[in-house]
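K.L.:
This is run-v1.txt, which holds compact mmCIF, N, CA, C and O atoms:
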# COMPACT_ATOMS: atom_id res chain seq x y z
N MET Z 1 0.85 -1.16 0.00
CA MET Z 1 0.00 0.00 0.00
C MET Z 1 0.90 1.23 0.00
O MET Z 1 1.91 1.27 0.68
N HIS Z 2 0.51 2.22 -0.77
CA HIS Z 2 1.30 3.43 -0.94
C HIS Z 2 0.40 4.64 -0.79
O HIS Z 2 -0.67 4.72 -1.37
N LYS Z 3 0.84 5.62 0.03
CA LYS Z 3 0.04 6.82 0.26
C LYS Z 3 0.43 7.89 -0.74
O LYS Z 3 1.60 8.18 -0.94
N THR Z 4 -0.58 8.49 -1.38
CA THR Z 4 -0.34 9.54 -2.37
C THR Z 4 -0.41 10.91 -1.69
O THR Z 4 -0.71 11.02 -0.50
N LYS Z 5 -0.20 11.97 -2.47
CA LYS Z 5 -0.20 13.33 -1.93
C LYS Z 5 -1.54 13.74 -1.34
O LYS Z 5 -1.58 14.44 -0.33
N ASP Z 6 -2.62 13.33 -1.95
CA ASP Z 6 -3.93 13.75 -1.48
C ASP Z 6 -4.54 12.74 -0.51
O ASP Z 6 -5.75 12.57 -0.46
N ASN Z 7 -3.71 12.08 0.29
CA ASN Z 7 -4.11 11.16 1.35
C ASN Z 7 -4.98 10.00 0.87
O ASN Z 7 -5.86 9.53 1.59
N LYS Z 8 -4.76 9.55 -0.33
CA LYS Z 8 -5.43 8.37 -0.83
C LYS Z 8 -4.41 7.23 -0.86
O LYS Z 8 -3.23 7.46 -1.06
N TYR Z 9 -4.90 6.05 -0.67
CA TYR Z 9 -4.03 4.89 -0.68
C TYR Z 9 -4.17 4.13 -1.99
O TYR Z 9 -5.27 3.94 -2.49
N THR Z 10 -3.05 3.74 -2.55
CA THR Z 10 -3.05 2.92 -3.75
C THR Z 10 -2.31 1.62 -3.43
O THR Z 10 -1.41 1.60 -2.61
N PHE Z 11 -2.73 0.59 -4.09
CA PHE Z 11 -2.08 -0.70 -3.88
C PHE Z 11 -1.09 -0.95 -5.01
O PHE Z 11 -1.44 -0.89 -6.19
N ILE Z 12 0.13 -1.24 -4.62
CA ILE Z 12 1.18 -1.53 -5.58
C ILE Z 12 1.34 -3.05 -5.63
O ILE Z 12 1.61 -3.68 -4.62
N GLU Z 13 1.13 -3.59 -6.81
CA GLU Z 13 1.24 -5.04 -6.94
C GLU Z 13 2.71 -5.41 -7.15
O GLU Z 13 3.38 -4.87 -8.03
N LYS Z 14 3.18 -6.34 -6.33
CA LYS Z 14 4.57 -6.79 -6.44
C LYS Z 14 4.68 -7.84 -7.52
O LYS Z 14 3.71 -8.49 -7.89
N LYS Z 15 5.90 -8.01 -8.01
CA LYS Z 15 6.16 -9.04 -9.02
C LYS Z 15 5.97 -10.43 -8.42
O LYS Z 15 6.06 -10.62 -7.21
N LYS Z 16 5.73 -11.39 -9.28
CA LYS Z 16 5.62 -12.78 -8.84
C LYS Z 16 7.02 -13.35 -8.69
O LYS Z 16 7.90 -13.08 -9.49
N SER Z 17 7.20 -14.16 -7.68
CA SER Z 17 8.50 -14.76 -7.43
C SER Z 17 8.75 -15.88 -8.43
O SER Z 17 8.01 -16.87 -8.48
N LYS Z 18 9.80 -15.74 -9.23
CA LYS Z 18 10.12 -16.77 -10.23
C LYS Z 18 10.50 -18.08 -9.55
O LYS Z 18 10.16 -19.15 -10.04
N GLY Z 19 11.21 -18.00 -8.44
CA GLY Z 19 11.59 -19.21 -7.71
C GLY Z 19 10.38 -19.93 -7.13
O GLY Z 19 10.32 -21.16 -7.13
N GLY Z 20 9.40 -19.17 -6.65
CA GLY Z 20 8.19 -19.78 -6.11
C GLY Z 20 7.36 -20.45 -7.19
O GLY Z 20 6.82 -21.54 -6.99
N ILE Z 21 7.28 -19.81 -8.36
CA ILE Z 21 6.55 -20.41 -9.47
C ILE Z 21 7.26 -21.68 -9.94
O ILE Z 21 6.61 -22.70 -10.20
N LEU Z 22 8.59 -21.63 -10.03
CA LEU Z 22 9.36 -22.81 -10.42
C LEU Z 22 9.16 -23.94 -9.43
O LEU Z 22 9.01 -25.11 -9.81
N ALA Z 23 9.12 -23.62 -8.14
CA ALA Z 23 8.92 -24.65 -7.12
C ALA Z 23 7.56 -25.32 -7.27
O ALA Z 23 7.45 -26.54 -7.16
N ALA Z 24 6.54 -24.54 -7.55
CA ALA Z 24 5.21 -25.11 -7.75
C ALA Z 24 5.16 -25.98 -9.01
O ALA Z 24 4.54 -27.04 -9.02
N GLU Z 25 5.83 -25.53 -10.07
CA GLU Z 25 5.88 -26.32 -11.30
C GLU Z 25 6.63 -27.63 -11.09
O GLU Z 25 6.22 -28.68 -11.61
N LEU Z 26 7.72 -27.60 -10.35
CA LEU Z 26 8.48 -28.82 -10.08
C LEU Z 26 7.68 -29.79 -9.23
O LEU Z 26 7.72 -31.01 -9.45
N ALA Z 27 6.93 -29.27 -8.28
CA ALA Z 27 6.08 -30.14 -7.47
C ALA Z 27 4.98 -30.75 -8.32
O ALA Z 27 4.64 -31.94 -8.16
N GLY Z 28 4.42 -29.98 -9.23
CA GLY Z 28 3.40 -30.50 -10.14
C GLY Z 28 3.97 -31.58 -11.04
O GLY Z 28 3.32 -32.62 -11.28
N ALA Z 29 5.18 -31.37 -11.55
CA ALA Z 29 5.83 -32.39 -12.39
C ALA Z 29 6.09 -33.66 -11.59
O ALA Z 29 5.90 -34.77 -12.10
N SER Z 30 6.51 -33.50 -10.35
CA SER Z 30 6.74 -34.67 -9.50
C SER Z 30 5.45 -35.43 -9.24
O SER Z 30 5.44 -36.66 -9.23
N LEU Z 31 4.38 -34.70 -9.04
CA LEU Z 31 3.07 -35.35 -8.82
C LEU Z 31 2.60 -36.08 -10.07
O LEU Z 31 2.07 -37.19 -9.99
N VAL Z 32 2.82 -35.49 -11.24
CA VAL Z 32 2.47 -36.15 -12.50
C VAL Z 32 3.29 -37.43 -12.67
O VAL Z 32 2.77 -38.48 -13.08
N LEU Z 33 4.58 -37.37 -12.34
CA LEU Z 33 5.42 -38.57 -12.42
C LEU Z 33 4.97 -39.64 -11.43
O LEU Z 33 5.08 -40.84 -11.72
N LEU Z 34 4.45 -39.23 -10.28
CA LEU Z 34 3.90 -40.20 -9.33
C LEU Z 34 2.72 -40.93 -9.93
O LEU Z 34 2.61 -42.16 -9.81
N ILE Z 35 1.85 -40.20 -10.61
CA ILE Z 35 0.68 -40.82 -11.24
C ILE Z 35 1.11 -41.76 -12.36
O ILE Z 35 0.60 -42.88 -12.49
N ILE Z 36 2.08 -41.30 -13.18
CA ILE Z 36 2.60 -42.16 -14.25
C ILE Z 36 3.24 -43.41 -13.68
O ILE Z 36 3.04 -44.52 -14.19
N ASP Z 37 3.98 -43.27 -12.60
CA ASP Z 37 4.63 -44.41 -11.95
C ASP Z 37 3.60 -45.40 -11.42
O ASP Z 37 3.76 -46.61 -11.57
N ALA Z 38 2.53 -44.89 -10.84
CA ALA Z 38 1.48 -45.77 -10.33
C ALA Z 38 0.78 -46.51 -11.47
O ALA Z 38 0.51 -47.72 -11.37
N ILE Z 39 0.52 -45.82 -12.58
CA ILE Z 39 -0.12 -46.45 -13.73
C ILE Z 39 0.78 -47.54 -14.31
O ILE Z 39 0.32 -48.64 -14.64
N LEU Z 40 2.09 -47.25 -14.42
CA LEU Z 40 3.02 -48.26 -14.92
C LEU Z 40 3.08 -49.48 -14.02
O LEU Z 40 3.12 -50.62 -14.49
N SER Z 41 3.09 -49.24 -12.72
CA SER Z 41 3.14 -50.35 -11.78
C SER Z 41 1.90 -51.24 -11.89
O SER Z 41 2.00 -52.47 -11.83
N PHE Z 42 0.74 -50.61 -12.04
CA PHE Z 42 -0.49 -51.39 -12.22
C PHE Z 42 -0.49 -52.13 -13.55
O PHE Z 42 -0.92 -53.28 -13.65
N ALA Z 43 0.01 -51.46 -14.60
CA ALA Z 43 0.02 -52.07 -15.93
C ALA Z 43 0.95 -53.29 -15.98
O ALA Z 43 0.64 -54.29 -16.61
N PHE Z 44 2.08 -53.20 -15.30
CA PHE Z 44 3.03 -54.32 -15.26
C PHE Z 44 2.78 -55.25 -14.08
O PHE Z 44 3.59 -56.11 -13.78
N GLN Z 45 1.67 -55.05 -13.40
CA GLN Z 45 1.24 -55.88 -12.26
C GLN Z 45 2.32 -56.00 -11.18
O GLN Z 45 2.61 -57.07 -10.66
N GLY Z 46 2.93 -54.86 -10.88
CA GLY Z 46 3.91 -54.80 -9.79
C GLY Z 46 5.31 -55.18 -10.18
O GLY Z 46 6.20 -55.22 -9.33
N SER Z 47 5.56 -55.48 -11.44
CA SER Z 47 6.91 -55.89 -11.85
C SER Z 47 7.53 -54.90 -12.84
O SER Z 47 8.19 -55.30 -13.79
N ALA Z 48 7.32 -53.62 -12.62
CA ALA Z 48 7.89 -52.60 -13.50
C ALA Z 48 9.38 -52.45 -13.26
O ALA Z 48 10.12 -52.01 -14.14
N GLY Z 49 9.85 -52.81 -12.09
CA GLY Z 49 11.27 -52.87 -11.78
C GLY Z 49 12.00 -51.55 -11.89
O GLY Z 49 11.62 -50.56 -11.29
N ALA Z 50 13.07 -51.56 -12.70
CA ALA Z 50 13.97 -50.41 -12.79
C ALA Z 50 13.28 -49.20 -13.40
O ALA Z 50 13.61 -48.06 -13.04
N ILE Z 51 12.33 -49.41 -14.28
CA ILE Z 51 11.63 -48.28 -14.90
C ILE Z 51 10.92 -47.45 -13.83
O ILE Z 51 11.05 -46.23 -13.77
N ALA Z 52 10.18 -48.14 -12.97
CA ALA Z 52 9.46 -47.44 -11.91
C ALA Z 52 10.42 -46.79 -10.92
O ALA Z 52 10.17 -45.69 -10.43
N GLY Z 53 11.52 -47.45 -10.64
CA GLY Z 53 12.50 -46.90 -9.71
C GLY Z 53 13.15 -45.64 -10.22
O GLY Z 53 13.34 -44.67 -9.47
N VAL Z 54 13.52 -45.63 -11.49
CA VAL Z 54 14.15 -44.44 -12.08
C VAL Z 54 13.17 -43.27 -12.10
O VAL Z 54 13.54 -42.13 -11.77
N ILE Z 55 11.93 -43.54 -12.48
CA ILE Z 55 10.92 -42.48 -12.49
C ILE Z 55 10.72 -41.94 -11.08
O ILE Z 55 10.64 -40.72 -10.87
N ALA Z 56 10.67 -42.83 -10.10
CA ALA Z 56 10.45 -42.41 -8.72
C ALA Z 56 11.62 -41.58 -8.19
O ALA Z 56 11.41 -40.55 -7.52
N LEU Z 57 12.84 -41.99 -8.47
CA LEU Z 57 14.00 -41.22 -8.01
C LEU Z 57 14.06 -39.85 -8.68
O LEU Z 57 14.38 -38.85 -8.02
N ALA Z 58 13.77 -39.80 -9.97
CA ALA Z 58 13.76 -38.51 -10.67
C ALA Z 58 12.67 -37.59 -10.10
O ALA Z 58 12.90 -36.40 -9.89
N ALA Z 59 11.50 -38.16 -9.83
CA ALA Z 59 10.40 -37.36 -9.29
C ALA Z 59 10.72 -36.86 -7.88
O ALA Z 59 10.40 -35.73 -7.53
N MET Z 60 11.36 -37.71 -7.09
CA MET Z 60 11.73 -37.28 -5.74
C MET Z 60 12.78 -36.18 -5.80
O MET Z 60 12.72 -35.20 -5.04
N ALA Z 61 13.74 -36.30 -6.72
CA ALA Z 61 14.75 -35.25 -6.89
C ALA Z 61 14.10 -33.93 -7.31
O ALA Z 61 14.50 -32.86 -6.84
N LEU Z 62 13.10 -33.99 -8.19
CA LEU Z 62 12.38 -32.78 -8.59
C LEU Z 62 11.69 -32.11 -7.41
O LEU Z 62 11.73 -30.89 -7.27
N SER Z 63 11.08 -32.91 -6.55
CA SER Z 63 10.37 -32.32 -5.41
C SER Z 63 11.35 -31.73 -4.39
O SER Z 63 11.08 -30.68 -3.81
N VAL Z 64 12.49 -32.37 -4.20
CA VAL Z 64 13.51 -31.83 -3.28
C VAL Z 64 14.06 -30.51 -3.84
O VAL Z 64 14.17 -29.52 -3.11
N TYR Z 65 14.37 -30.51 -5.13
CA TYR Z 65 14.88 -29.29 -5.75
C TYR Z 65 13.82 -28.18 -5.72
O TYR Z 65 14.14 -27.01 -5.49
N GLY Z 66 12.57 -28.55 -5.93
CA GLY Z 66 11.49 -27.57 -5.85
C GLY Z 66 11.36 -26.96 -4.47
O GLY Z 66 11.14 -25.76 -4.32
N PHE Z 67 11.51 -27.80 -3.44
CA PHE Z 67 11.43 -27.30 -2.06
C PHE Z 67 12.58 -26.33 -1.78
O PHE Z 67 12.36 -25.25 -1.21
N ILE Z 68 13.78 -26.70 -2.19
CA ILE Z 68 14.94 -25.82 -1.97
C ILE Z 68 14.78 -24.51 -2.73
O ILE Z 68 15.04 -23.43 -2.19
N THR Z 69 14.32 -24.60 -3.97
CA THR Z 69 14.11 -23.39 -4.78
C THR Z 69 13.03 -22.50 -4.16
O THR Z 69 13.18 -21.27 -4.11
N GLY Z 70 11.97 -23.11 -3.67
CA GLY Z 70 10.91 -22.34 -3.02
C GLY Z 70 11.39 -21.63 -1.76
O GLY Z 70 11.04 -20.48 -1.51
N MET Z 71 12.22 -22.32 -0.98
CA MET Z 71 12.74 -21.70 0.24
C MET Z 71 13.70 -20.56 -0.08
O MET Z 71 13.71 -19.53 0.60
N ARG Z 72 14.50 -20.73 -1.12
CA ARG Z 72 15.44 -19.67 -1.51
C ARG Z 72 14.70 -18.45 -2.06
O ARG Z 72 15.20 -17.33 -1.99
N SER Z 73 13.53 -18.66 -2.64
CA SER Z 73 12.82 -17.55 -3.25
C SER Z 73 12.24 -16.58 -2.22
O SER Z 73 11.80 -15.50 -2.58
N PHE Z 74 12.24 -16.94 -0.95
CA PHE Z 74 11.77 -16.03 0.09
C PHE Z 74 12.70 -14.83 0.25
O PHE Z 74 12.32 -13.81 0.81
N SER Z 75 13.93 -14.95 -0.23
CA SER Z 75 14.88 -13.84 -0.07
C SER Z 75 14.65 -12.73 -1.09
O SER Z 75 15.27 -11.67 -0.99
N ASP Z 76 13.77 -12.93 -2.06
CA ASP Z 76 13.44 -11.88 -3.03
C ASP Z 76 12.56 -10.83 -2.35
O ASP Z 76 11.37 -11.04 -2.17
N LYS Z 77 13.14 -9.71 -1.98
CA LYS Z 77 12.41 -8.68 -1.24
C LYS Z 77 11.42 -7.92 -2.12
O LYS Z 77 10.43 -7.40 -1.64
N GLU Z 78 11.68 -7.85 -3.42
CA GLU Z 78 10.82 -7.08 -4.31
C GLU Z 78 9.67 -7.90 -4.87
O GLU Z 78 8.87 -7.40 -5.63
N CYS Z 79 9.58 -9.17 -4.47
CA CYS Z 79 8.55 -10.05 -5.01
C CYS Z 79 7.55 -10.43 -3.93
O CYS Z 79 7.87 -10.46 -2.74
N SER Z 80 6.36 -10.74 -4.36
CA SER Z 80 5.31 -11.21 -3.46
C SER Z 80 5.66 -12.62 -2.97
O SER Z 80 6.06 -13.47 -3.77
N PRO Z 81 5.50 -12.90 -1.68
CA PRO Z 81 5.85 -14.23 -1.16
C PRO Z 81 4.77 -15.29 -1.40
O PRO Z 81 4.95 -16.44 -1.03
N LYS Z 82 3.67 -14.91 -2.07
CA LYS Z 82 2.54 -15.84 -2.25
C LYS Z 82 2.98 -17.11 -2.97
O LYS Z 82 2.72 -18.22 -2.50
N TYR Z 83 3.66 -16.98 -4.09
CA TYR Z 83 4.07 -18.15 -4.85
C TYR Z 83 5.20 -18.91 -4.16
O TYR Z 83 5.32 -20.13 -4.33
N SER Z 84 6.02 -18.22 -3.39
CA SER Z 84 7.05 -18.90 -2.62
C SER Z 84 6.43 -19.83 -1.58
O SER Z 84 6.89 -20.96 -1.39
N VAL Z 85 5.39 -19.35 -0.93
CA VAL Z 85 4.70 -20.16 0.08
C VAL Z 85 4.02 -21.35 -0.58
O VAL Z 85 4.16 -22.50 -0.14
N ILE Z 86 3.29 -21.10 -1.68
CA ILE Z 86 2.58 -22.18 -2.37
C ILE Z 86 3.58 -23.22 -2.89
O ILE Z 86 3.39 -24.42 -2.69
N GLY Z 87 4.63 -22.77 -3.55
CA GLY Z 87 5.63 -23.69 -4.11
C GLY Z 87 6.36 -24.49 -3.06
O GLY Z 87 6.57 -25.69 -3.22
N SER Z 88 6.73 -23.84 -1.96
CA SER Z 88 7.45 -24.53 -0.90
C SER Z 88 6.57 -25.58 -0.22
O SER Z 88 7.01 -26.71 0.02
N ILE Z 89 5.35 -25.22 0.09
CA ILE Z 89 4.45 -26.17 0.77
C ILE Z 89 4.10 -27.33 -0.14
O ILE Z 89 4.17 -28.49 0.26
N PHE Z 90 3.76 -27.03 -1.39
CA PHE Z 90 3.40 -28.08 -2.35
C PHE Z 90 4.57 -29.03 -2.58
O PHE Z 90 4.42 -30.26 -2.56
N SER Z 91 5.78 -28.48 -2.76
CA SER Z 91 6.96 -29.31 -2.95
C SER Z 91 7.27 -30.12 -1.70
O SER Z 91 7.65 -31.29 -1.79
N GLY Z 92 7.12 -29.51 -0.54
CA GLY Z 92 7.37 -30.22 0.71
C GLY Z 92 6.41 -31.38 0.93
O GLY Z 92 6.82 -32.47 1.34
N VAL Z 93 5.15 -31.17 0.60
CA VAL Z 93 4.16 -32.24 0.76
C VAL Z 93 4.44 -33.39 -0.20
O VAL Z 93 4.42 -34.57 0.19
N VAL Z 94 4.76 -33.07 -1.44
CA VAL Z 94 5.08 -34.11 -2.42
C VAL Z 94 6.36 -34.84 -2.01
O VAL Z 94 6.46 -36.06 -2.12
N MET Z 95 7.35 -34.09 -1.50
CA MET Z 95 8.60 -34.69 -1.06
C MET Z 95 8.36 -35.66 0.10
O MET Z 95 8.90 -36.77 0.11
N VAL Z 96 7.55 -35.28 1.05
CA VAL Z 96 7.23 -36.16 2.18
C VAL Z 96 6.46 -37.39 1.69
O VAL Z 96 6.69 -38.51 2.16
N GLY Z 97 5.58 -37.19 0.71
CA GLY Z 97 4.86 -38.32 0.12
C GLY Z 97 5.82 -39.32 -0.52
O GLY Z 97 5.70 -40.53 -0.31
N TRP Z 98 6.77 -38.83 -1.29
CA TRP Z 98 7.75 -39.72 -1.91
C TRP Z 98 8.60 -40.42 -0.87
O TRP Z 98 8.91 -41.60 -0.97
N LEU Z 99 9.01 -39.66 0.14
CA LEU Z 99 9.82 -40.26 1.21
C LEU Z 99 9.05 -41.36 1.92
O LEU Z 99 9.61 -42.42 2.23
N THR Z 100 7.78 -41.15 2.14
CA THR Z 100 6.93 -42.17 2.77
C THR Z 100 6.86 -43.42 1.90
O THR Z 100 6.96 -44.55 2.40
N ILE Z 101 6.69 -43.23 0.60
CA ILE Z 101 6.63 -44.38 -0.31
C ILE Z 101 7.94 -45.15 -0.29
O ILE Z 101 7.95 -46.39 -0.22
N PHE Z 102 9.06 -44.44 -0.31
CA PHE Z 102 10.36 -45.10 -0.29
C PHE Z 102 10.61 -45.85 1.03
O PHE Z 102 11.11 -46.97 1.04
N LEU Z 103 10.25 -45.22 2.14
CA LEU Z 103 10.52 -45.85 3.44
C LEU Z 103 9.61 -47.04 3.73
O LEU Z 103 10.00 -47.96 4.45
N THR Z 104 8.41 -47.02 3.18
CA THR Z 104 7.52 -48.17 3.40
C THR Z 104 7.81 -49.29 2.40
O THR Z 104 7.33 -50.41 2.57
N GLY Z 105 8.59 -49.01 1.37
CA GLY Z 105 9.01 -50.03 0.44
C GLY Z 105 7.99 -50.36 -0.61
O GLY Z 105 7.99 -51.47 -1.16
N LEU Z 106 7.10 -49.45 -0.92
CA LEU Z 106 6.11 -49.70 -1.95
C LEU Z 106 6.78 -49.51 -3.26
O LEU Z 106 6.59 -49.81 -4.27
Can you turn what I pasted into structure tokens?
P.N.:
Amino acid sequence: MHKTKDNKYTFIEKKKSKGGILAAELAGASLVLLIIDAILSFAFQGSAGAIAGVIALAAMALSVYGFITGMRSFSDKECSPKYSVIGSIFSGVVMVGWLTIFLTGL
């Protein structure tokens, strides 16, 4: 909010955080890869093997990178933190989901 000469307030819209948007996109890509991985596993009746593993590791790496990128984007003082928050939380949730799948051995 910015005050003008005649005591009126105007709202100045801040730029969107590129890091926050990237983090949300990476989390979305990781989620899409999760769905593809699940479909492949069902199609191969649980014997997708290395194909499913490579997809899962790549998707988990995307979500970790998205989380880190989202957290780093909070340092952009001239940008709105809205996308940084969305990207970080979305990436973190997907990352925890992947970690849960890996630790339970599915």
K.L.:
Give me, as a list in words, all polymer residues having an atom no more than 8 Å from Ala61 of chain Z, counting all atoms listed in the file and skipping those fewer than 5 positions away in the same chain.
P.N.:
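Result of the neighbour search: Leu26, Ser30, Val54, Ile55, Ala56, Gly66, Phe67, Ile68 and Met95 of chain Z.
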K.L.:
Could you tell me how far atom CA of Ser73 of chain Z sits from atom CA of Lys14 of chain Z, in Å to one decimal place?
P.N.:
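Distance between the two atoms: 13.9 Å.
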K.L.:
Among chain Z, which residues carry a DSSP assignment of alpha helix (DSSP H), reported as an NGL selection string?
P.N.:
:Z and (18-43 or 50-72 or 82-104)
K.L.:
Might you pull out every residue within 7 Å of Ser63 of chain Z, with all atoms listed in the file counted and same-chain residues fewer than 4 positions away left off, and present them as an MDAnalysis selection string?
P.N.:
chainID Z and resid 23 26:27 30 57:59 67:69 87:88 90:92 94:95
K.L.:
Nearest to Glu25 of chain Z: which of Z:Gln45, Z:Ser80, Z:Gly53, Z:Ile86 is it, counting only C-alpha atoms?
P.N.:
Z:Ile86
K.L.:
Please measure the separation of atom C of Ala52 of chain Z and atom N of Asp37 of chain Z, giving the value in Å to one decimal.
P.N.:
7.5 Å
